[in-house]
>>> print(open('query34.pdb').read())   # PDB, N, CA and C atoms
ATOM      1  N   MET A   1     117.234  86.891  74.343
ATOM      2  CA  MET A   1     116.418  87.552  75.337
ATOM      3  C   MET A   1     117.195  87.659  76.641
ATOM      4  N   THR A   2     116.903  88.708  77.411
ATOM      5  CA  THR A   2     117.569  88.900  78.682
ATOM      6  C   THR A   2     116.991  87.954  79.724
ATOM      7  N   ALA A   3     117.659  87.883  80.864
ATOM      8  CA  ALA A   3     117.235  86.979  81.931
ATOM      9  C   ALA A   3     115.827  87.297  82.419
ATOM     10  N   ALA A   4     115.436  88.569  82.394
ATOM     11  CA  ALA A   4     114.120  88.975  82.878
ATOM     12  C   ALA A   4     113.015  88.604  81.896
ATOM     13  N   GLY A   5     113.371  88.129  80.708
ATOM     14  CA  GLY A   5     112.364  87.726  79.746
ATOM     15  C   GLY A   5     111.871  88.857  78.872
ATOM     16  N   THR A   6     112.675  89.884  78.676
ATOM     17  CA  THR A   6     112.289  91.019  77.843
ATOM     18  C   THR A   6     113.114  91.013  76.566
ATOM     19  N   LEU A   7     112.437  91.091  75.438
ATOM     20  CA  LEU A   7     113.117  91.165  74.148
ATOM     21  C   LEU A   7     113.435  92.625  73.862
ATOM     22  N   THR A   8     114.694  92.931  73.567
ATOM     23  CA  THR A   8     115.121  94.311  73.354
ATOM     24  C   THR A   8     115.500  94.553  71.897
ATOM     25  N   ARG A   9     115.759  95.820  71.574
ATOM     26  CA  ARG A   9     116.240  96.166  70.237
ATOM     27  C   ARG A   9     117.540  95.440  69.945
ATOM     28  N   ALA A  10     118.405  95.399  70.939
ATOM     29  CA  ALA A  10     119.693  94.729  70.768
ATOM     30  C   ALA A  10     119.498  93.240  70.474
ATOM     31  N   ASP A  11     118.524  92.620  71.121
ATOM     32  CA  ASP A  11     118.220  91.202  70.868
ATOM     33  C   ASP A  11     117.758  91.001  69.434
ATOM     34  N   LEU A  12     116.898  91.903  68.954
ATOM     35  CA  LEU A  12     116.416  91.806  67.573
ATOM     36  C   LEU A  12     117.570  91.962  66.588
ATOM     37  N   ALA A  13     118.437  92.925  66.837
ATOM     38  CA  ALA A  13     119.582  93.150  65.955
ATOM     39  C   ALA A  13     120.521  91.947  65.985
ATOM     40  N   GLU A  14     120.741  91.389  67.151
ATOM     41  CA  GLU A  14     121.624  90.214  67.270
ATOM     42  C   GLU A  14     121.039  89.024  66.521
ATOM     43  N   SER A  15     119.730  88.857  66.592
ATOM     44  CA  SER A  15     119.061  87.779  65.872
ATOM     45  C   SER A  15     119.221  87.958  64.366
ATOM     46  N   LEU A  16     119.064  89.185  63.878
ATOM     47  CA  LEU A  16     119.287  89.462  62.450
ATOM     48  C   LEU A  16     120.730  89.155  62.061
ATOM     49  N   HIS A  17     121.645  89.543  62.914
ATOM     50  CA  HIS A  17     123.068  89.289  62.654
ATOM     51  C   HIS A  17     123.336  87.782  62.511
ATOM     52  N   ARG A  18     122.815  87.006  63.463
ATOM     53  CA  ARG A  18     123.054  85.558  63.471
ATOM     54  C   ARG A  18     122.316  84.823  62.355
ATOM     55  N   GLU A  19     121.037  85.123  62.178
ATOM     56  CA  GLU A  19     120.202  84.333  61.276
ATOM     57  C   GLU A  19     120.276  84.766  59.821
ATOM     58  N   VAL A  20     120.528  86.054  59.569
ATOM     59  CA  VAL A  20     120.556  86.541  58.197
ATOM     60  C   VAL A  20     121.989  86.756  57.721
ATOM     61  N   GLY A  21     122.889  86.957  58.668
ATOM     62  CA  GLY A  21     124.287  87.144  58.307
ATOM     63  C   GLY A  21     124.683  88.593  58.076
ATOM     64  N   LEU A  22     123.829  89.518  58.482
ATOM     65  CA  LEU A  22     124.175  90.934  58.366
ATOM     66  C   LEU A  22     125.221  91.302  59.412
ATOM     67  N   SER A  23     125.982  92.350  59.145
ATOM     68  CA  SER A  23     126.900  92.836  60.167
ATOM     69  C   SER A  23     126.067  93.348  61.333
ATOM     70  N   ARG A  24     126.669  93.426  62.505
ATOM     71  CA  ARG A  24     125.936  93.915  63.675
ATOM     72  C   ARG A  24     125.448  95.347  63.445
ATOM     73  N   ALA A  25     126.286  96.161  62.822
ATOM     74  CA  ALA A  25     125.915  97.557  62.569
ATOM     75  C   ALA A  25     124.724  97.637  61.607
ATOM     76  N   ASP A  26     124.753  96.844  60.533
ATOM     77  CA  ASP A  26     123.649  96.849  59.568
ATOM     78  C   ASP A  26     122.365  96.327  60.211
ATOM     79  N   ALA A  27     122.483  95.271  61.001
ATOM     80  CA  ALA A  27     121.312  94.699  61.672
ATOM     81  C   ALA A  27     120.694  95.723  62.618
ATOM     82  N   SER A  28     121.528  96.418  63.353
ATOM     83  CA  SER A  28     121.044  97.436  64.281
ATOM     84  C   SER A  28     120.363  98.580  63.524
ATOM     85  N   ARG A  29     120.940  98.978  62.395
ATOM     86  CA  ARG A  29     120.365 100.045  61.574
ATOM     87  C   ARG A  29     118.990  99.648  61.034
ATOM     88  N   ILE A  30     118.849  98.405  60.612
ATOM     89  CA  ILE A  30     117.568  97.928  60.079
ATOM     90  C   ILE A  30     116.494  97.937  61.167
ATOM     91  N   VAL A  31     116.829  97.442  62.349
ATOM     92  CA  VAL A  31     115.873  97.443  63.463
ATOM     93  C   VAL A  31     115.439  98.878  63.761
ATOM     94  N   GLU A  32     116.393  99.797  63.831
ATOM     95  CA  GLU A  32     116.071 101.200  64.111
ATOM     96  C   GLU A  32     115.192 101.797  63.023
ATOM     97  N   GLN A  33     115.467 101.488  61.753
ATOM     98  CA  GLN A  33     114.676 102.019  60.634
ATOM     99  C   GLN A  33     113.238 101.508  60.687
ATOM    100  N   ILE A  34     113.077 100.225  60.993
ATOM    101  CA  ILE A  34     111.724  99.653  61.079
ATOM    102  C   ILE A  34     110.944 100.333  62.203
ATOM    103  N   LEU A  35     111.563 100.466  63.368
ATOM    104  CA  LEU A  35     110.877 101.092  64.500
ATOM    105  C   LEU A  35     110.578 102.565  64.217
ATOM    106  N   LYS A  36     111.505 103.256  63.564
ATOM    107  CA  LYS A  36     111.298 104.656  63.209
ATOM    108  C   LYS A  36     110.115 104.793  62.252
ATOM    109  N   HIS A  37     110.060 103.922  61.255
ATOM    110  CA  HIS A  37     108.974 103.962  60.278
ATOM    111  C   HIS A  37     107.623 103.703  60.959
ATOM    112  N   MET A  38     107.585 102.751  61.874
ATOM    113  CA  MET A  38     106.353 102.467  62.602
ATOM    114  C   MET A  38     105.935 103.677  63.443
ATOM    115  N   CYS A  39     106.880 104.283  64.143
ATOM    116  CA  CYS A  39     106.581 105.451  64.984
ATOM    117  C   CYS A  39     106.067 106.614  64.149
ATOM    118  N   GLU A  40     106.678 106.852  63.004
ATOM    119  CA  GLU A  40     106.247 107.944  62.139
ATOM    120  C   GLU A  40     104.826 107.718  61.635
ATOM    121  N   ALA A  41     104.518 106.489  61.258
ATOM    122  CA  ALA A  41     103.169 106.177  60.780
ATOM    123  C   ALA A  41     102.148 106.402  61.892
ATOM    124  N   LEU A  42     102.451 105.943  63.093
ATOM    125  CA  LEU A  42     101.534 106.125  64.215
ATOM    126  C   LEU A  42     101.382 107.598  64.559
ATOM    127  N   ALA A  43     102.473 108.353  64.498
ATOM    128  CA  ALA A  43     102.415 109.787  64.794
ATOM    129  C   ALA A  43     101.533 110.523  63.784
ATOM    130  N   LYS A  44     101.456 110.017  62.541
ATOM    131  CA  LYS A  44     100.610 110.623  61.517
ATOM    132  C   LYS A  44      99.159 110.162  61.641
ATOM    133  N   GLY A  45      98.873 109.298  62.602
ATOM    134  CA  GLY A  45      97.507 108.834  62.801
ATOM    135  C   GLY A  45      97.178 107.551  62.057
ATOM    136  N   GLU A  46      98.181 106.921  61.453
ATOM    137  CA  GLU A  46      97.956 105.667  60.724
ATOM    138  C   GLU A  46      98.070 104.487  61.683
ATOM    139  N   ASN A  47      97.303 103.454  61.426
ATOM    140  CA  ASN A  47      97.450 102.208  62.169
ATOM    141  C   ASN A  47      98.560 101.390  61.513
ATOM    142  N   VAL A  48      99.185 100.507  62.292
ATOM    143  CA  VAL A  48     100.257  99.666  61.773
ATOM    144  C   VAL A  48      99.832  98.207  61.926
ATOM    145  N   LYS A  49      99.784  97.491  60.801
ATOM    146  CA  LYS A  49      99.387  96.088  60.816
ATOM    147  C   LYS A  49     100.528  95.243  60.270
ATOM    148  N   ILE A  50     100.954  94.268  61.059
ATOM    149  CA  ILE A  50     102.004  93.344  60.640
ATOM    150  C   ILE A  50     101.365  91.964  60.576
ATOM    151  N   SER A  51     101.188  91.481  59.355
ATOM    152  CA  SER A  51     100.500  90.223  59.128
ATOM    153  C   SER A  51     101.165  89.090  59.914
ATOM    154  N   GLY A  52     100.351  88.296  60.585
ATOM    155  CA  GLY A  52     100.865  87.173  61.365
ATOM    156  C   GLY A  52     101.386  87.576  62.723
ATOM    157  N   PHE A  53     101.411  88.869  63.018
ATOM    158  CA  PHE A  53     101.913  89.351  64.308
ATOM    159  C   PHE A  53     100.815  90.092  65.056
ATOM    160  N   GLY A  54     100.339  91.209  64.471
ATOM    161  CA  GLY A  54      99.270  91.949  65.123
ATOM    162  C   GLY A  54      99.147  93.354  64.580
ATOM    163  N   SER A  55      98.271  94.129  65.220
ATOM    164  CA  SER A  55      97.998  95.496  64.775
ATOM    165  C   SER A  55      98.163  96.476  65.922
ATOM    166  N   PHE A  56      98.810  97.600  65.613
ATOM    167  CA  PHE A  56      98.894  98.716  66.532
ATOM    168  C   PHE A  56      97.832  99.701  66.065
ATOM    169  N   VAL A  57      96.868  99.985  66.928
ATOM    170  CA  VAL A  57      95.716 100.792  66.542
ATOM    171  C   VAL A  57      95.616 102.005  67.456
ATOM    172  N   LEU A  58      95.424 103.178  66.837
ATOM    173  CA  LEU A  58      95.203 104.413  67.588
ATOM    174  C   LEU A  58      93.720 104.576  67.841
ATOM    175  N   ARG A  59      93.383 104.952  69.068
ATOM    176  CA  ARG A  59      91.987 105.206  69.422
ATOM    177  C   ARG A  59      91.888 106.550  70.111
ATOM    178  N   ASP A  60      90.868 107.304  69.784
ATOM    179  CA  ASP A  60      90.616 108.567  70.475
ATOM    180  C   ASP A  60      89.621 108.305  71.598
ATOM    181  N   LYS A  61      90.018 108.678  72.818
ATOM    182  CA  LYS A  61      89.131 108.532  73.972
ATOM    183  C   LYS A  61      88.587 109.905  74.328
ATOM    184  N   GLY A  62      87.313 109.964  74.509
ATOM    185  CA  GLY A  62      86.670 111.236  74.828
ATOM    186  C   GLY A  62      86.898 111.647  76.273
ATOM    187  N   GLU A  63      86.503 112.878  76.571
ATOM    188  CA  GLU A  63      86.605 113.358  77.947
ATOM    189  C   GLU A  63      85.633 112.566  78.815
ATOM    190  N   ARG A  64      86.044 112.318  80.041
ATOM    191  CA  ARG A  64      85.172 111.592  80.961
ATOM    192  C   ARG A  64      85.475 112.033  82.380
ATOM    193  N   VAL A  65      84.637 111.625  83.285
ATOM    194  CA  VAL A  65      84.827 111.968  84.688
ATOM    195  C   VAL A  65      85.444 110.762  85.391
ATOM    196  N   GLY A  66      86.547 111.012  86.081
ATOM    197  CA  GLY A  66      87.186 109.962  86.871
ATOM    198  C   GLY A  66      87.022 110.285  88.343
ATOM    199  N   ARG A  67      87.399 109.343  89.184
ATOM    200  CA  ARG A  67      87.243 109.549  90.619
ATOM    201  C   ARG A  67      88.530 109.149  91.321
ATOM    202  N   ASN A  68      89.001 110.036  92.198
ATOM    203  CA  ASN A  68      90.173 109.719  93.013
ATOM    204  C   ASN A  68      89.760 108.603  93.973
ATOM    205  N   PRO A  69      90.419 107.434  93.912
ATOM    206  CA  PRO A  69      89.984 106.307  94.745
ATOM    207  C   PRO A  69      90.161 106.556  96.249
ATOM    208  N   LYS A  70      91.104 107.409  96.623
ATOM    209  CA  LYS A  70      91.317 107.681  98.051
ATOM    210  C   LYS A  70      90.273 108.635  98.616
ATOM    211  N   THR A  71      90.027 109.728  97.876
ATOM    212  CA  THR A  71      89.151 110.774  98.404
ATOM    213  C   THR A  71      87.737 110.726  97.851
ATOM    214  N   GLY A  72      87.549 110.064  96.716
ATOM    215  CA  GLY A  72      86.236 110.010  96.089
ATOM    216  C   GLY A  72      85.897 111.262  95.306
ATOM    217  N   VAL A  73      86.838 112.212  95.217
ATOM    218  CA  VAL A  73      86.604 113.466  94.499
ATOM    219  C   VAL A  73      86.585 113.188  92.992
ATOM    220  N   GLU A  74      85.564 113.718  92.312
ATOM    221  CA  GLU A  74      85.470 113.548  90.866
ATOM    222  C   GLU A  74      86.402 114.527  90.161
ATOM    223  N   VAL A  75      87.101 114.026  89.138
ATOM    224  CA  VAL A  75      88.065 114.828  88.393
ATOM    225  C   VAL A  75      87.829 114.590  86.909
ATOM    226  N   PRO A  76      87.761 115.670  86.101
ATOM    227  CA  PRO A  76      87.603 115.453  84.658
ATOM    228  C   PRO A  76      88.901 114.912  84.057
ATOM    229  N   ILE A  77      88.778 113.918  83.194
ATOM    230  CA  ILE A  77      89.920 113.349  82.487
ATOM    231  C   ILE A  77      89.832 113.845  81.053
ATOM    232  N   ALA A  78      90.903 114.503  80.603
ATOM    233  CA  ALA A  78      90.916 115.138  79.279
ATOM    234  C   ALA A  78      90.865 114.089  78.169
ATOM    235  N   PRO A  79      90.306 114.480  77.017
ATOM    236  CA  PRO A  79      90.315 113.548  75.877
ATOM    237  C   PRO A  79      91.767 113.287  75.445
ATOM    238  N   ARG A  80      92.005 112.097  74.965
ATOM    239  CA  ARG A  80      93.364 111.753  74.555
ATOM    240  C   ARG A  80      93.351 110.648  73.531
ATOM    241  N   ARG A  81      94.482 110.448  72.912
ATOM    242  CA  ARG A  81      94.663 109.383  71.929
ATOM    243  C   ARG A  81      95.511 108.292  72.597
ATOM    244  N   VAL A  82      95.065 107.054  72.474
ATOM    245  CA  VAL A  82      95.801 105.939  73.073
ATOM    246  C   VAL A  82      96.176 104.937  71.995
ATOM    247  N   LEU A  83      97.252 104.239  72.251
ATOM    248  CA  LEU A  83      97.745 103.208  71.335
ATOM    249  C   LEU A  83      97.441 101.850  71.938
ATOM    250  N   THR A  84      96.812 100.989  71.156
ATOM    251  CA  THR A  84      96.533  99.635  71.621
ATOM    252  C   THR A  84      97.168  98.643  70.656
ATOM    253  N   PHE A  85      97.462  97.460  71.171
ATOM    254  CA  PHE A  85      97.997  96.386  70.334
ATOM    255  C   PHE A  85      97.039  95.228  70.394
ATOM    256  N   ARG A  86      96.733  94.679  69.246
ATOM    257  CA  ARG A  86      95.887  93.486  69.177
ATOM    258  C   ARG A  86      96.662  92.428  68.417
ATOM    259  N   ALA A  87      96.972  91.345  69.107
ATOM    260  CA  ALA A  87      97.716  90.250  68.495
ATOM    261  C   ALA A  87      96.855  89.554  67.447
ATOM    262  N   SER A  88      97.495  89.096  66.373
ATOM    263  CA  SER A  88      96.770  88.356  65.337
ATOM    264  C   SER A  88      96.373  86.988  65.882
ATOM    265  N   GLN A  89      95.434  86.361  65.222
ATOM    266  CA  GLN A  89      95.005  85.025  65.659
ATOM    267  C   GLN A  89      96.178  84.056  65.593
ATOM    268  N   MET A  90      97.026  84.176  64.574
ATOM    269  CA  MET A  90      98.190  83.311  64.452
ATOM    270  C   MET A  90      99.119  83.485  65.660
ATOM    271  N   MET A  91      99.344  84.727  66.075
ATOM    272  CA  MET A  91     100.204  84.999  67.230
ATOM    273  C   MET A  91      99.582  84.444  68.505
ATOM    274  N   ARG A  92      98.274  84.639  68.669
ATOM    275  CA  ARG A  92      97.600  84.106  69.863
ATOM    276  C   ARG A  92      97.707  82.584  69.917
ATOM    277  N   ASP A  93      97.549  81.936  68.769
ATOM    278  CA  ASP A  93      97.668  80.482  68.719
ATOM    279  C   ASP A  93      99.081  80.037  69.095
ATOM    280  N   ARG A  94     100.089  80.748  68.609
ATOM    281  CA  ARG A  94     101.480  80.422  68.936
ATOM    282  C   ARG A  94     101.745  80.564  70.430
ATOM    283  N   ILE A  95     101.205  81.632  71.022
ATOM    284  CA  ILE A  95     101.418  81.886  72.447
ATOM    285  C   ILE A  95     100.766  80.785  73.282
ATOM    286  N   VAL A  96      99.552  80.401  72.911
ATOM    287  CA  VAL A  96      98.832  79.361  73.655
ATOM    288  C   VAL A  96      99.554  78.018  73.545
ATOM    289  N   SER A  97     100.043  77.690  72.360
ATOM    290  CA  SER A  97     100.692  76.397  72.179
ATOM    291  C   SER A  97     102.106  76.352  72.736
ATOM    292  N   ALA A  98     102.679  77.497  73.109
ATOM    293  CA  ALA A  98     104.047  77.538  73.648
ATOM    294  C   ALA A  98     104.118  77.192  75.123
ATOM    295  N   ARG A  99     102.984  77.062  75.779
ATOM    296  CA  ARG A  99     102.983  76.767  77.236
ATOM    297  C   ARG A  99     103.482  75.410  77.529
TER
END
>>> encode(input="query34.pdb", output="structure tokens")
Amino acid sequence: MTAAGTLTRADLAESLHREVGLSRADASRIVEQILKHMCEALAKGENVKISGFGSFVLRDKGERVGRNPKTGVEVPIAPRRVLTFRASQMMRDRIVSAR
């Protein structure tokens, strides 16, 4: 992980290289393939569930009226699709116990 505490693609590939023994190029290719497959599934409207980690879920939000906080003017907000992540109970337990 980097000093700022962000896990990157490169970190994942390096971990695969060290722990599994794959070449750096192969490890990087695997990380890219997994992320590509997840993106393609989400783009097709499928949810992505990784057991023990969590679920990426697509939700359709309807049109609604929003308000500019500075002026108070009401503005319609167009319907859109949003991506949410919900951590599994196992992941939440790990995060809580890591403190």
>>> residues_around(input="query34.pdb", residues="Val57 (chain A)", least_positions_apart="4", cutoff="7 Å", atoms="only C-alpha atoms", output="list in words")
Asn47, Val48, Leu83, Thr84 and Phe85 of chain A
>>> resolve_selection(input="query34.pdb", expression="the PyMOL selection byres (((chain A and resi 89 and name CA) around 12) and name CA)", output="list in words")
Ile50, Ser51, Gly52, Phe53, Gly54, Ser55, Arg86, Ala87, Ser88, Met90, Met91, Arg92, Asp93, Arg94, Ile95 and Val96 of chain A
>>> axis_aligned_box(input="query34.pdb", around="region 47-61 of chain A", padding_each_side="3 Å", output="JSON")
{"center_x": 95.3, "center_y": 98.5, "center_z": 66.7, "size_x": 19.4, "size_y": 28.7, "size_z": 21.2}
>>> closest_residue(input="query34.pdb", among="A:Val82, A:Ile77, A:Leu12, A:Ala98", to="Ala27 (chain A)", atoms="only N, CA and C atoms")
A:Leu12
>>> closest_residue(input="query34.pdb", among="A:Arg18, A:Asn68, A:Asp60, A:Ile34", to="Arg81 (chain A)", atoms="only C-alpha atoms")
A:Asp60
>>> decode(input="query34.pdb", residues="region 27-54 of chain A", atoms="N, CA, C and O atoms", output="mmCIF file, in the first residue's frame")
data_model
loop_
_atom_site.group_PDB
_atom_site.id
_atom_site.type_symbol
_atom_site.label_atom_id
_atom_site.label_comp_id
_atom_site.auth_asym_id
_atom_site.auth_seq_id
_atom_site.Cartn_x
_atom_site.Cartn_y
_atom_site.Cartn_z
ATOM 1 N N ALA A 27 0.962 -11.262 -13.196
ATOM 2 C CA ALA A 27 0.161 -10.774 -12.069
ATOM 3 C C ALA A 27 -0.618 -9.528 -12.476
ATOM 4 O O ALA A 27 -1.817 -9.399 -12.178
ATOM 5 N N SER A 28 0.034 -8.636 -13.182
ATOM 6 C CA SER A 28 -0.621 -7.413 -13.638
ATOM 7 C C SER A 28 -1.748 -7.737 -14.622
ATOM 8 O O SER A 28 -2.836 -7.156 -14.549
ATOM 9 N N ARG A 29 -1.510 -8.695 -15.512
ATOM 10 C CA ARG A 29 -2.522 -9.107 -16.486
ATOM 11 C C ARG A 29 -3.749 -9.701 -15.790
ATOM 12 O O ARG A 29 -4.885 -9.432 -16.177
ATOM 13 N N ILE A 30 -3.527 -10.497 -14.761
ATOM 14 C CA ILE A 30 -4.638 -11.113 -14.027
ATOM 15 C C ILE A 30 -5.481 -10.046 -13.330
ATOM 16 O O ILE A 30 -6.712 -10.081 -13.389
ATOM 17 N N VAL A 31 -4.830 -9.099 -12.670
ATOM 18 C CA VAL A 31 -5.557 -8.014 -12.001
ATOM 19 C C VAL A 31 -6.397 -7.254 -13.027
ATOM 20 O O VAL A 31 -7.586 -6.987 -12.796
ATOM 21 N N GLU A 32 -5.806 -6.922 -14.167
ATOM 22 C CA GLU A 32 -6.534 -6.193 -15.211
ATOM 23 C C GLU A 32 -7.712 -7.000 -15.735
ATOM 24 O O GLU A 32 -8.795 -6.453 -15.966
ATOM 25 N N GLN A 33 -7.539 -8.310 -15.930
ATOM 26 C CA GLN A 33 -8.617 -9.171 -16.437
ATOM 27 C C GLN A 33 -9.776 -9.238 -15.446
ATOM 28 O O GLN A 33 -10.942 -9.200 -15.842
ATOM 29 N N ILE A 34 -9.453 -9.358 -14.163
ATOM 30 C CA ILE A 34 -10.508 -9.417 -13.139
ATOM 31 C C ILE A 34 -11.297 -8.109 -13.132
ATOM 32 O O ILE A 34 -12.530 -8.112 -13.142
ATOM 33 N N LEU A 35 -10.594 -6.984 -13.136
ATOM 34 C CA LEU A 35 -11.276 -5.688 -13.114
ATOM 35 C C LEU A 35 -12.089 -5.471 -14.390
ATOM 36 O O LEU A 35 -13.209 -4.956 -14.336
ATOM 37 N N LYS A 36 -11.552 -5.895 -15.529
ATOM 38 C CA LYS A 36 -12.266 -5.772 -16.796
ATOM 39 C C LYS A 36 -13.553 -6.593 -16.764
ATOM 40 O O LYS A 36 -14.616 -6.120 -17.173
ATOM 41 N N HIS A 37 -13.458 -7.816 -16.262
ATOM 42 C CA HIS A 37 -14.627 -8.691 -16.186
ATOM 43 C C HIS A 37 -15.698 -8.086 -15.268
ATOM 44 O O HIS A 37 -16.899 -8.119 -15.589
ATOM 45 N N MET A 38 -15.280 -7.527 -14.146
ATOM 46 C CA MET A 38 -16.226 -6.890 -13.235
ATOM 47 C C MET A 38 -16.896 -5.690 -13.910
ATOM 48 O O MET A 38 -18.122 -5.529 -13.822
ATOM 49 N N CYS A 39 -16.116 -4.863 -14.588
ATOM 50 C CA CYS A 39 -16.662 -3.680 -15.269
ATOM 51 C C CYS A 39 -17.652 -4.076 -16.354
ATOM 52 O O CYS A 39 -18.712 -3.447 -16.499
ATOM 53 N N GLU A 40 -17.331 -5.103 -17.119
ATOM 54 C CA GLU A 40 -18.224 -5.554 -18.180
ATOM 55 C C GLU A 40 -19.545 -6.057 -17.609
ATOM 56 O O GLU A 40 -20.618 -5.769 -18.148
ATOM 57 N N ALA A 41 -19.477 -6.800 -16.519
ATOM 58 C CA ALA A 41 -20.698 -7.309 -15.890
ATOM 59 C C ALA A 41 -21.561 -6.151 -15.396
ATOM 60 O O ALA A 41 -22.781 -6.134 -15.611
ATOM 61 N N LEU A 42 -20.949 -5.173 -14.751
ATOM 62 C CA LEU A 42 -21.699 -4.023 -14.254
ATOM 63 C C LEU A 42 -22.282 -3.216 -15.403
ATOM 64 O O LEU A 42 -23.425 -2.745 -15.331
ATOM 65 N N ALA A 43 -21.528 -3.066 -16.486
ATOM 66 C CA ALA A 43 -22.017 -2.321 -17.648
ATOM 67 C C ALA A 43 -23.233 -3.009 -18.271
ATOM 68 O O ALA A 43 -24.106 -2.342 -18.840
ATOM 69 N N LYS A 44 -23.318 -4.346 -18.156
ATOM 70 C CA LYS A 44 -24.458 -5.091 -18.682
ATOM 71 C C LYS A 44 -25.637 -5.074 -17.710
ATOM 72 O O LYS A 44 -26.671 -5.677 -17.980
ATOM 73 N N GLY A 45 -25.473 -4.435 -16.562
ATOM 74 C CA GLY A 45 -26.560 -4.352 -15.597
ATOM 75 C C GLY A 45 -26.547 -5.459 -14.557
ATOM 76 O O GLY A 45 -27.489 -5.592 -13.783
ATOM 77 N N GLU A 46 -25.492 -6.268 -14.539
ATOM 78 C CA GLU A 46 -25.388 -7.354 -13.559
ATOM 79 C C GLU A 46 -24.747 -6.833 -12.278
ATOM 80 O O GLU A 46 -23.905 -5.943 -12.322
ATOM 81 N N ASN A 47 -25.154 -7.385 -11.159
ATOM 82 C CA ASN A 47 -24.491 -7.090 -9.894
ATOM 83 C C ASN A 47 -23.280 -8.011 -9.764
ATOM 84 O O ASN A 47 -23.243 -9.084 -10.359
ATOM 85 N N VAL A 48 -22.289 -7.580 -8.984
ATOM 86 C CA VAL A 48 -21.086 -8.378 -8.779
ATOM 87 C C VAL A 48 -20.971 -8.692 -7.289
ATOM 88 O O VAL A 48 -20.943 -7.782 -6.460
ATOM 89 N N LYS A 49 -20.942 -9.985 -6.964
ATOM 90 C CA LYS A 49 -20.840 -10.412 -5.573
ATOM 91 C C LYS A 49 -19.575 -11.239 -5.398
ATOM 92 O O LYS A 49 -19.365 -12.218 -6.113
ATOM 93 N N ILE A 50 -18.737 -10.822 -4.461
ATOM 94 C CA ILE A 50 -17.512 -11.551 -4.147
ATOM 95 C C ILE A 50 -17.655 -12.037 -2.711
ATOM 96 O O ILE A 50 -17.625 -11.241 -1.759
ATOM 97 N N SER A 51 -17.837 -13.342 -2.574
ATOM 98 C CA SER A 51 -18.090 -13.941 -1.275
ATOM 99 C C SER A 51 -16.977 -13.585 -0.286
ATOM 100 O O SER A 51 -15.802 -13.659 -0.603
ATOM 101 N N GLY A 52 -17.370 -13.181 0.908
ATOM 102 C CA GLY A 52 -16.402 -12.823 1.941
ATOM 103 C C GLY A 52 -15.853 -11.425 1.788
ATOM 104 O O GLY A 52 -15.076 -10.955 2.615
ATOM 105 N N PHE A 53 -16.219 -10.729 0.720
ATOM 106 C CA PHE A 53 -15.723 -9.370 0.485
ATOM 107 C C PHE A 53 -16.883 -8.387 0.446
ATOM 108 O O PHE A 53 -16.966 -7.479 1.262
ATOM 109 N N GLY A 54 -17.786 -8.563 -0.540
ATOM 110 C CA GLY A 54 -18.933 -7.672 -0.618
ATOM 111 C C GLY A 54 -19.597 -7.728 -1.974
ATOM 112 O O GLY A 54 -19.224 -8.518 -2.836
#
